file my_file21.pdb (PDB, C-alpha atoms)
MODEL        1
ATOM      1  CA  MET A 251       2.265 -32.259   6.448
ATOM      2  CA  MET A 252       5.308 -30.575   4.904
ATOM      3  CA  PHE A 253       5.118 -27.135   3.297
ATOM      4  CA  ASP A 254       7.556 -25.203   1.147
ATOM      5  CA  ILE A 255       9.369 -22.363   2.889
ATOM      6  CA  PRO A 256       7.910 -19.013   1.738
ATOM      7  CA  ASP A 257      10.389 -17.147  -0.459
ATOM      8  CA  PRO A 258       9.978 -13.362  -0.863
ATOM      9  CA  THR A 259      12.186 -13.433  -3.978
ATOM     10  CA  THR A 260       9.725 -15.658  -5.822
ATOM     11  CA  ILE A 261       7.775 -13.798  -8.512
ATOM     12  CA  HIS A 262       4.938 -16.310  -8.872
ATOM     13  CA  PRO A 263       3.949 -17.555  -5.394
ATOM     14  CA  ILE A 264       1.176 -19.784  -6.751
ATOM     15  CA  PRO A 265       2.741 -22.507  -8.924
ATOM     16  CA  GLY A 266       1.306 -22.519 -12.432
ATOM     17  CA  TYR A 267      -0.629 -19.265 -11.949
ATOM     18  CA  GLU A 268       0.740 -16.065 -13.498
ATOM     19  CA  ASN A 269      -1.948 -13.552 -12.531
ATOM     20  CA  GLU A 270      -0.598 -12.998  -9.031
ATOM     21  CA  ILE A 271       2.948 -11.912  -8.245
ATOM     22  CA  TYR A 272       5.083 -10.896  -5.313
ATOM     23  CA  ILE A 273       5.948  -7.315  -6.251
ATOM     24  CA  LYS A 274       9.309  -6.822  -4.539
ATOM     25  CA  PRO A 275      11.424  -9.003  -6.875
ATOM     26  CA  THR A 276       9.984  -7.210  -9.932
ATOM     27  CA  VAL A 277      10.716  -3.634  -8.838
ATOM     28  CA  THR A 278      13.395  -1.892 -10.907
ATOM     29  CA  LYS A 279      12.875   1.807 -10.064
ATOM     30  CA  PRO A 280      14.876   3.203  -7.119
ATOM     31  CA  ASN A 281      11.955   5.443  -6.092
ATOM     32  CA  ILE A 282       9.663   2.448  -5.487
ATOM     33  CA  THR A 283      10.126   0.319  -2.357
ATOM     34  CA  VAL A 284       7.958  -2.722  -1.622
ATOM     35  CA  GLY A 285       8.172  -5.048   1.368
ATOM     36  CA  ASP A 286       8.388  -8.835   1.435
ATOM     37  CA  PHE A 287       5.351 -10.916   0.460
ATOM     38  CA  THR A 288       3.243  -8.021  -0.795
ATOM     39  CA  TYR A 289       1.379  -9.204  -3.889
ATOM     40  CA  ILE A 290      -0.775  -7.847  -6.699
ATOM     41  CA  ALA A 291      -3.423  -9.731  -8.645
ATOM     42  CA  ASP A 292      -1.781  -9.166 -12.026
ATOM     43  CA  LYS A 293       1.134 -10.334 -14.154
ATOM     44  CA  GLU A 294       3.108  -7.118 -13.561
ATOM     45  CA  PHE A 295       3.176  -4.061 -11.311
ATOM     46  CA  ASP A 296       4.753  -1.175 -13.242
ATOM     47  CA  SER A 297       1.592  -0.194 -15.144
ATOM     48  CA  HIS A 298      -0.242   0.324 -11.831
ATOM     49  CA  VAL A 299       2.052   3.255 -10.915
ATOM     50  CA  THR A 300       1.268   6.228 -13.125
ATOM     51  CA  HIS A 301       2.770   9.715 -13.642
ATOM     52  CA  HIS A 302       5.890   8.717 -11.712
ATOM     53  CA  TYR A 303       8.760  10.782 -13.101
ATOM     54  CA  ASP A 304      12.326  10.706 -11.798
ATOM     55  CA  PHE A 305      12.776  14.493 -12.005
ATOM     56  CA  ILE A 306       9.977  15.028  -9.466
ATOM     57  CA  GLY A 307      11.596  12.793  -6.861
ATOM     58  CA  ASP A 308       8.518  11.421  -5.094
ATOM     59  CA  LYS A 309       8.590   7.879  -3.755
ATOM     60  CA  LEU A 310       6.078   5.039  -3.533
ATOM     61  CA  ILE A 311       6.692   3.023  -0.373
ATOM     62  CA  ILE A 312       4.633  -0.117   0.297
ATOM     63  CA  GLY A 313       5.043  -2.324   3.369
ATOM     64  CA  LYS A 314       5.028  -6.075   3.863
ATOM     65  CA  PHE A 315       2.180  -8.553   3.360
ATOM     66  CA  CYS A 316      -0.069  -6.110   1.492
ATOM     67  CA  GLN A 317      -2.778  -7.478  -0.774
ATOM     68  CA  ILE A 318      -3.374  -5.399  -3.901
ATOM     69  CA  ALA A 319      -6.275  -6.341  -6.144
ATOM     70  CA  ALA A 320      -6.537  -6.094  -9.915
ATOM     71  CA  GLY A 321      -6.967  -2.645 -11.416
ATOM     72  CA  VAL A 322      -5.505  -0.677  -8.489
ATOM     73  CA  GLU A 323      -3.721   2.527  -9.541
ATOM     74  CA  PHE A 324      -1.150   4.553  -7.621
ATOM     75  CA  VAL A 325      -1.257   8.068  -9.089
ATOM     76  CA  MET A 326       1.955   9.948  -8.363
ATOM     77  CA  ASN A 327       2.749  13.669  -8.239
ATOM     78  CA  GLY A 328       3.535  13.916 -11.951
ATOM     79  CA  ALA A 329      -0.213  13.905 -12.590
ATOM     80  CA  ASN A 330      -0.651  17.275 -10.877
ATOM     81  CA  HIS A 331      -1.147  20.492 -12.839
ATOM     82  CA  GLN A 332      -0.418  24.049 -11.766
ATOM     83  CA  MET A 333      -3.464  25.296  -9.855
ATOM     84  CA  ASN A 334      -2.397  28.744  -8.626
ATOM     85  CA  ALA A 335      -2.685  30.432 -12.043
ATOM     86  CA  VAL A 336      -5.570  31.253 -14.402
ATOM     87  CA  SER A 337      -5.107  28.109 -16.513
ATOM     88  CA  THR A 338      -4.210  24.588 -15.438
ATOM     89  CA  TYR A 339      -3.155  23.662 -18.984
ATOM     90  CA  PRO A 340       0.421  22.234 -19.092
ATOM     91  CA  PHE A 341       1.697  24.175 -22.113
ATOM     92  CA  TYR A 342       5.311  23.374 -21.185
ATOM     93  CA  THR A 343       4.824  19.644 -21.761
ATOM     94  CA  LEU A 344       3.572  20.029 -25.339
ATOM     95  CA  SER A 345       5.589  21.022 -28.395
ATOM     96  CA  GLY A 346       5.203  24.469 -29.937
ATOM     97  CA  TRP A 347       4.066  26.355 -26.848
ATOM     98  CA  ASN A 348       6.219  29.145 -25.417
ATOM     99  CA  MET A 349       6.269  28.188 -21.729
ATOM    100  CA  LEU A 350       9.031  27.153 -19.363
ATOM    101  CA  PRO A 351       8.231  24.512 -16.694
ATOM    102  CA  PRO A 352       6.607  26.003 -13.579
ATOM    103  CA  LYS A 353       8.735  26.570 -10.524
ATOM    104  CA  PRO A 354       8.543  23.617  -8.108
ATOM    105  CA  GLU A 355       6.833  25.795  -5.509
ATOM    106  CA  ASP A 356       4.059  26.545  -8.011
ATOM    107  CA  MET A 357       3.172  22.857  -8.372
ATOM    108  CA  PRO A 358       0.906  21.053  -5.878
ATOM    109  CA  PHE A 359       3.510  18.531  -4.701
ATOM    110  CA  LYS A 360       1.927  16.157  -2.166
ATOM    111  CA  GLY A 361       5.028  14.219  -1.086
ATOM    112  CA  ASP A 362       5.647  10.488  -0.951
ATOM    113  CA  THR A 363       2.871   7.902  -1.087
ATOM    114  CA  VAL A 364       3.237   5.445   1.814
ATOM    115  CA  ILE A 365       1.280   2.231   2.322
ATOM    116  CA  GLY A 366       1.709   0.374   5.617
ATOM    117  CA  ASN A 367       1.877  -3.358   6.287
ATOM    118  CA  ASP A 368      -0.937  -5.911   5.894
ATOM    119  CA  VAL A 369      -3.050  -3.417   3.938
ATOM    120  CA  TRP A 370      -5.799  -4.751   1.645
ATOM    121  CA  ILE A 371      -6.567  -2.538  -1.359
ATOM    122  CA  GLY A 372      -9.687  -3.583  -3.246
ATOM    123  CA  GLN A 373     -10.182  -3.877  -6.975
ATOM    124  CA  ASN A 374      -9.932  -0.716  -9.102
ATOM    125  CA  ALA A 375      -9.153   1.546  -6.129
ATOM    126  CA  VAL A 376      -7.146   4.680  -6.911
ATOM    127  CA  ILE A 377      -4.550   5.999  -4.453
ATOM    128  CA  LEU A 378      -3.798   9.689  -5.062
ATOM    129  CA  PRO A 379      -0.398  11.391  -4.554
ATOM    130  CA  GLY A 380       0.981  11.811  -1.051
ATOM    131  CA  VAL A 381      -1.550   9.576   0.693
ATOM    132  CA  HIS A 382      -0.442   7.601   3.767
ATOM    133  CA  ILE A 383      -2.388   4.415   4.527
ATOM    134  CA  GLY A 384      -1.789   2.887   7.956
ATOM    135  CA  ASP A 385      -1.022  -0.713   8.874
ATOM    136  CA  GLY A 386      -3.926  -3.143   8.652
ATOM    137  CA  ALA A 387      -6.260  -0.781   6.795
ATOM    138  CA  ILE A 388      -8.768  -1.915   4.171
ATOM    139  CA  VAL A 389      -9.599   0.139   1.072
ATOM    140  CA  GLY A 390     -12.870  -0.805  -0.607
ATOM    141  CA  SER A 391     -13.196  -1.577  -4.303
ATOM    142  CA  ASN A 392     -13.476   1.447  -6.635
ATOM    143  CA  SER A 393     -12.529   3.853  -3.839
ATOM    144  CA  ILE A 394     -10.649   7.076  -4.602
ATOM    145  CA  VAL A 395      -8.270   7.695  -1.700
ATOM    146  CA  GLY A 396      -7.185  11.321  -1.487
ATOM    147  CA  SER A 397      -6.472  11.672   2.234
ATOM    148  CA  ASP A 398      -4.632   9.657   4.875
ATOM    149  CA  VAL A 399      -6.136   6.437   6.250
ATOM    150  CA  LYS A 400      -5.624   5.511   9.895
ATOM    151  CA  PRO A 401      -4.306   2.051  10.863
ATOM    152  CA  TYR A 402      -6.872  -0.734  11.026
ATOM    153  CA  THR A 403      -9.718   1.274   9.540
ATOM    154  CA  ILE A 404     -11.971   0.546   6.563
ATOM    155  CA  VAL A 405     -12.524   3.248   3.943
ATOM    156  CA  VAL A 406     -14.833   3.191   0.922
ATOM    157  CA  GLY A 407     -16.216   5.544  -1.696
ATOM    158  CA  ASN A 408     -15.287   8.559  -3.793
ATOM    159  CA  PRO A 409     -13.814  10.334  -1.993
ATOM    160  CA  ALA A 410     -12.929   7.480   0.349
ATOM    161  CA  ARG A 411     -14.405   7.902   3.828
ATOM    162  CA  GLU A 412     -13.842   5.898   6.986
ATOM    163  CA  ILE A 413     -16.819   3.663   7.736
ATOM    164  CA  ARG A 414     -15.473   1.965  10.838
ATOM    165  CA  LYS A 415     -12.437   0.771  12.739
ATOM    166  CA  ARG A 416     -11.662  -2.904  12.396
ATOM    167  CA  PHE A 417     -11.000  -3.302  16.140
ATOM    168  CA  ASP A 418     -11.209  -1.310  19.353
ATOM    169  CA  ASN A 419      -8.425   1.134  20.222
ATOM    170  CA  GLU A 420      -6.771  -1.262  22.657
ATOM    171  CA  MET A 421      -6.528  -4.015  20.058
ATOM    172  CA  ILE A 422      -5.219  -1.611  17.420
ATOM    173  CA  GLY A 423      -2.540  -0.393  19.826
ATOM    174  CA  LEU A 424      -1.492  -3.955  20.602
ATOM    175  CA  LEU A 425      -1.243  -4.877  16.928
ATOM    176  CA  LEU A 426       0.831  -1.804  16.142
ATOM    177  CA  GLU A 427       3.166  -2.741  18.991
ATOM    178  CA  PHE A 428       3.256  -6.442  18.112
ATOM    179  CA  LYS A 429       4.156  -5.887  14.414
ATOM    180  CA  TRP A 430       3.717  -9.505  13.398
ATOM    181  CA  TRP A 431       4.899  -8.704   9.843
ATOM    182  CA  ASP A 432       8.416  -7.948  11.104
ATOM    183  CA  LYS A 433       8.899 -11.394  12.633
ATOM    184  CA  SER A 434      10.778 -14.289  11.035
ATOM    185  CA  ILE A 435       9.090 -16.654   8.598
ATOM    186  CA  ASP A 436       9.161 -19.424  11.206
ATOM    187  CA  GLU A 437       7.570 -17.160  13.814
ATOM    188  CA  ILE A 438       4.867 -16.001  11.407
ATOM    189  CA  ASN A 439       4.106 -19.588  10.436
ATOM    190  CA  SER A 440       3.609 -20.428  14.099
ATOM    191  CA  LEU A 441       1.384 -17.346  14.530
ATOM    192  CA  ILE A 442      -0.960 -18.138  11.627
ATOM    193  CA  PRO A 443      -3.582 -19.899  13.808
ATOM    194  CA  MET A 444      -3.768 -16.762  15.957
ATOM    195  CA  LEU A 445      -3.638 -14.326  13.035
ATOM    196  CA  THR A 446      -6.575 -16.077  11.364
ATOM    197  CA  ASP A 447      -8.690 -16.667  14.488
ATOM    198  CA  SER A 448     -11.979 -14.723  14.478
ATOM    199  CA  ASP A 449     -12.233 -14.804  18.287
ATOM    200  CA  ILE A 450     -10.721 -11.344  18.751
ATOM    201  CA  THR A 451     -11.126 -11.378  22.527
ATOM    202  CA  LYS A 452      -8.993 -14.499  22.750
ATOM    203  CA  VAL A 453      -6.460 -13.136  20.277
ATOM    204  CA  LYS A 454      -6.164  -9.904  22.261
ATOM    205  CA  LYS A 455      -5.246 -11.879  25.390
ATOM    206  CA  MET A 456      -2.694 -13.920  23.465
ATOM    207  CA  ILE A 457      -1.002 -10.841  22.029
ATOM    208  CA  LYS A 458      -0.906  -9.188  25.460
ATOM    209  CA  ASN A 459       0.847 -12.249  26.873
ATOM    210  CA  MET A 460       3.367 -12.372  24.031
ATOM    211  CA  ILE A 461       4.195  -8.679  24.367
ATOM    212  CA  LYS A 462       4.862  -9.174  28.100
ATOM    213  CA  GLU A 463       7.307 -12.016  27.467
TER     214      GLU A 463
ENDMDL
END
call {"tool": "encode", "arguments": {"input": "my_file21.pdb", "output": "C-alpha cells"}}
result
Amino acid sequence: MMFDIPDPTTIHPIPGYENEIYIKPTVTKPNITVGDFTYIADKEFDSHVTHHYDFIGDKLIIGKFCQIAAGVEFVMNGANHQMNAVSTYPFYTLSGWNMLPPKPEDMPFKGDTVIGNDVWIGQNAVILPGVHIGDGAIVGSNSIVGSDVKPYTIVVGNPAREIRKRFDNEMIGLLLEFKWWDKSIDEINSLIPMLTDSDITKVKKMIKNMIKE
C-alpha cells in the first residue's frame, strides 16, 4: 500500500477536513515557535494564544508532534497585573487615568512558555504564563496548568496535579535519549509499529538495542 509523504508545510493534513491544522505553517508572529507536525483541533491557532504583546517579549515555544485539542488556551504574561501594590487595577491601560505603566520589575513576569515534543493537551485546558511542559506529557481536559510538568507524566485538575508517570524511570530516560521526534520522516515511518505497540517491555528492549547501535 502506498502512502503520501507527510508534509509539515501542509495546513490541512486531513484532506477535506478543515477543523484540524498543522500549526507551524500558519504562525506569523516571531515570538511563537512551533515544531513540525504539531496540530490543533481547530481552523486556526492565533486565537488560542491570549495576552501576547510584543512589548513584553515573552515567547511561546511548542515542540514537534504535539496534539492540541479544541478550546486550549495559552495565556501569556500580558495577562498579569501588578500584585506588589495595594490595588491590582491596571489604570495605565485605560483612558483618563493618571498612571504611567509599572516598572518591569514590578510586574509578575513568568518567562517563556515552553511545551516539549509529543505532548497531548486535552480539550479546554489552560496553560498559564511561564509553564514548561516536558516531552511526552499528557494534560487532562479542563486542566489549569500553572506549574511545570515533568516529561512523560499525566496531570489533571485545577490546579493541575500529577496523577502518575506514564512509564517507569528507566523507560522515560530511554525515550528522552532516543528522541524519536527528531528523526527523519522515513525513520519515523519505520518506527510507527514500535511507537504504537502497547507491549512496553518489548518496546523498552527495542529502544535499548537501537540506542546501542
call {"tool": "closest_residue", "arguments": {"input": "my_file21.pdb", "among": "A:Ser397, A:Thr451, A:Gln317, A:Asn408", "to": "A:Glu420", "atoms": "all atoms listed in the file"}}
result
A:Thr451
call {"tool": "atom_distance", "arguments": {"input": "my_file21.pdb", "atom1": "atom CA of A:Leu441", "atom2": "atom CA of A:Ala319"}}
result
24.6 Å
call {"tool": "resolve_selection", "arguments": {"input": "my_file21.pdb", "expression": "the PyMOL selection byres ((chain A and resi 407) around 8)", "output": "list of chain:residue names"}}
result
A:Gly390, A:Asn392, A:Ser393, A:Ile394, A:Val405, A:Val406, A:Asn408, A:Pro409, A:Ala410, A:Arg411
call {"tool": "write_last_selection", "arguments": {"input": "my_file21.pdb", "atoms": "C-alpha atoms", "output": "PDB file, in the coordinates of the input"}}
result
ATOM      1  CA  GLY A 390     -12.870  -0.805  -0.607  1.00  0.00           C
ATOM      2  CA  ASN A 392     -13.476   1.447  -6.635  1.00  0.00           C
ATOM      3  CA  SER A 393     -12.529   3.853  -3.839  1.00  0.00           C
ATOM      4  CA  ILE A 394     -10.649   7.076  -4.602  1.00  0.00           C
ATOM      5  CA  VAL A 405     -12.524   3.248   3.943  1.00  0.00           C
ATOM      6  CA  VAL A 406     -14.833   3.191   0.922  1.00  0.00           C
ATOM      7  CA  ASN A 408     -15.287   8.559  -3.793  1.00  0.00           C
ATOM      8  CA  PRO A 409     -13.814  10.334  -1.993  1.00  0.00           C
ATOM      9  CA  ALA A 410     -12.929   7.480   0.349  1.00  0.00           C
ATOM     10  CA  ARG A 411     -14.405   7.902   3.828  1.00  0.00           C
TER      11      ARG A 411
END
call {"tool": "residues_around", "arguments": {"input": "my_file21.pdb", "residues": "A:Gly307", "least_positions_apart": "3", "cutoff": "10 Å", "atoms": "only C-alpha atoms", "output": "list in words"}}
result
Asn281, His302, Tyr303, Asp304, Asn327, Gly328, Gly361 and Asp362 of chain A
call {"tool": "write_last_selection", "arguments": {"input": "my_file21.pdb", "atoms": "C-alpha atoms", "output": "mmCIF file, keeping the file's coordinate frame"}}
result
data_model
loop_
_atom_site.group_PDB
_atom_site.id
_atom_site.type_symbol
_atom_site.label_atom_id
_atom_site.label_comp_id
_atom_site.auth_asym_id
_atom_site.auth_seq_id
_atom_site.Cartn_x
_atom_site.Cartn_y
_atom_site.Cartn_z
ATOM 1 C CA ASN A 281 11.955 5.443 -6.092
ATOM 2 C CA HIS A 302 5.890 8.717 -11.712
ATOM 3 C CA TYR A 303 8.760 10.782 -13.101
ATOM 4 C CA ASP A 304 12.326 10.706 -11.798
ATOM 5 C CA ASN A 327 2.749 13.669 -8.239
ATOM 6 C CA GLY A 328 3.535 13.916 -11.951
ATOM 7 C CA GLY A 361 5.028 14.219 -1.086
ATOM 8 C CA ASP A 362 5.647 10.488 -0.951
#
call {"tool": "atom_distance", "arguments": {"input": "my_file21.pdb", "atom1": "atom CA of A:Asn334", "atom2": "atom CA of A:Asp356"}}
result
6.8 Å
call {"tool": "residues_around", "arguments": {"input": "my_file21.pdb", "residues": "stretch 261-277 of chain A", "least_positions_apart": "4", "cutoff": "8 Å", "atoms": "all atoms listed in the file", "output": "list of chain:residue names"}}
result
A:Ile282, A:Thr283, A:Val284, A:Gly285, A:Asp286, A:Phe287, A:Thr288, A:Tyr289, A:Ile290, A:Ala291, A:Asp292, A:Lys293, A:Glu294, A:Phe295, A:Asp296
call {"tool": "atom_distance", "arguments": {"input": "my_file21.pdb", "atom1": "atom CA of A:Val325", "atom2": "atom CA of A:Gly396"}}
result
10.2 Å
call {"tool": "residues_around", "arguments": {"input": "my_file21.pdb", "residues": "stretch 453-458 of chain A", "least_positions_apart": "6", "cutoff": "8 Å", "atoms": "all atoms listed in the file", "output": "ChimeraX atom specification"}}
result
/A:421,424-425,428,444-445,447
call {"tool": "residues_around", "arguments": {"input": "my_file21.pdb", "residues": "A:Arg414", "least_positions_apart": "3", "cutoff": "12 Å", "atoms": "only C-alpha atoms", "output": "ChimeraX atom specification"}}
result
/A:387-389,399-406,411,417-419
call {"tool": "write_last_selection", "arguments": {"input": "my_file21.pdb", "atoms": "C-alpha atoms", "output": "short mmCIF file (atom, residue, chain, number, x, y, z; two decimals), in the coordinates of the input"}}
result
data_model
loop_
_atom_site.label_atom_id
_atom_site.label_comp_id
_atom_site.auth_asym_id
_atom_site.auth_seq_id
_atom_site.Cartn_x
_atom_site.Cartn_y
_atom_site.Cartn_z
CA ALA A 387 -6.26 -0.78 6.80
CA ILE A 388 -8.77 -1.92 4.17
CA VAL A 389 -9.60 0.14 1.07
CA VAL A 399 -6.14 6.44 6.25
CA LYS A 400 -5.62 5.51 9.90
CA PRO A 401 -4.31 2.05 10.86
CA TYR A 402 -6.87 -0.73 11.03
CA THR A 403 -9.72 1.27 9.54
CA ILE A 404 -11.97 0.55 6.56
CA VAL A 405 -12.52 3.25 3.94
CA VAL A 406 -14.83 3.19 0.92
CA ARG A 411 -14.40 7.90 3.83
CA PHE A 417 -11.00 -3.30 16.14
CA ASP A 418 -11.21 -1.31 19.35
CA ASN A 419 -8.43 1.13 20.22
#
call {"tool": "residues_near_point", "arguments": {"input": "my_file21.pdb", "point": "(0.1, -2.0, 1.7)", "cutoff": "8 Å", "atoms": "all atoms listed in the file", "output": "PDB file with C-alpha atoms, in the frame of the given file"}}
result
ATOM      1  CA  THR A 288       3.243  -8.021  -0.795  1.00  0.00           C
ATOM      2  CA  ILE A 312       4.633  -0.117   0.297  1.00  0.00           C
ATOM      3  CA  GLY A 313       5.043  -2.324   3.369  1.00  0.00           C
ATOM      4  CA  LYS A 314       5.028  -6.075   3.863  1.00  0.00           C
ATOM      5  CA  PHE A 315       2.180  -8.553   3.360  1.00  0.00           C
ATOM      6  CA  CYS A 316      -0.069  -6.110   1.492  1.00  0.00           C
ATOM      7  CA  GLN A 317      -2.778  -7.478  -0.774  1.00  0.00           C
ATOM      8  CA  ILE A 318      -3.374  -5.399  -3.901  1.00  0.00           C
ATOM      9  CA  ILE A 365       1.280   2.231   2.322  1.00  0.00           C
ATOM     10  CA  GLY A 366       1.709   0.374   5.617  1.00  0.00           C
ATOM     11  CA  ASN A 367       1.877  -3.358   6.287  1.00  0.00           C
ATOM     12  CA  ASP A 368      -0.937  -5.911   5.894  1.00  0.00           C
ATOM     13  CA  VAL A 369      -3.050  -3.417   3.938  1.00  0.00           C
ATOM     14  CA  TRP A 370      -5.799  -4.751   1.645  1.00  0.00           C
ATOM     15  CA  ILE A 371      -6.567  -2.538  -1.359  1.00  0.00           C
ATOM     16  CA  ILE A 383      -2.388   4.415   4.527  1.00  0.00           C
ATOM     17  CA  ASP A 385      -1.022  -0.713   8.874  1.00  0.00           C
TER      18      ASP A 385
END
call {"tool": "resolve_selection", "arguments": {"input": "my_file21.pdb", "expression": "the PyMOL selection byres ((chain A and resi 297) around 10)", "output": "VMD selection string"}}
result
chain A and resid 294 to 296 298 to 300 321 to 324
call {"tool": "write_last_selection", "arguments": {"input": "my_file21.pdb", "atoms": "C-alpha atoms", "output": "PDB file, in the frame of the given file"}}
result
ATOM      1  CA  GLU A 294       3.108  -7.118 -13.561  1.00  0.00           C
ATOM      2  CA  PHE A 295       3.176  -4.061 -11.311  1.00  0.00           C
ATOM      3  CA  ASP A 296       4.753  -1.175 -13.242  1.00  0.00           C
ATOM      4  CA  HIS A 298      -0.242   0.324 -11.831  1.00  0.00           C
ATOM      5  CA  VAL A 299       2.052   3.255 -10.915  1.00  0.00           C
ATOM      6  CA  THR A 300       1.268   6.228 -13.125  1.00  0.00           C
ATOM      7  CA  GLY A 321      -6.967  -2.645 -11.416  1.00  0.00           C
ATOM      8  CA  VAL A 322      -5.505  -0.677  -8.489  1.00  0.00           C
ATOM      9  CA  GLU A 323      -3.721   2.527  -9.541  1.00  0.00           C
ATOM     10  CA  PHE A 324      -1.150   4.553  -7.621  1.00  0.00           C
TER      11      PHE A 324
END
call {"tool": "axis_aligned_box", "arguments": {"input": "my_file21.pdb", "around": "stretch 418-437 of chain A", "padding_each_side": "4 Å", "output": "AutoDock Vina command-line options"}}
result
--center_x -0.2 --center_y -9.1 --center_z 15.6 --size_x 30.0 --size_y 28.6 --size_z 22.1
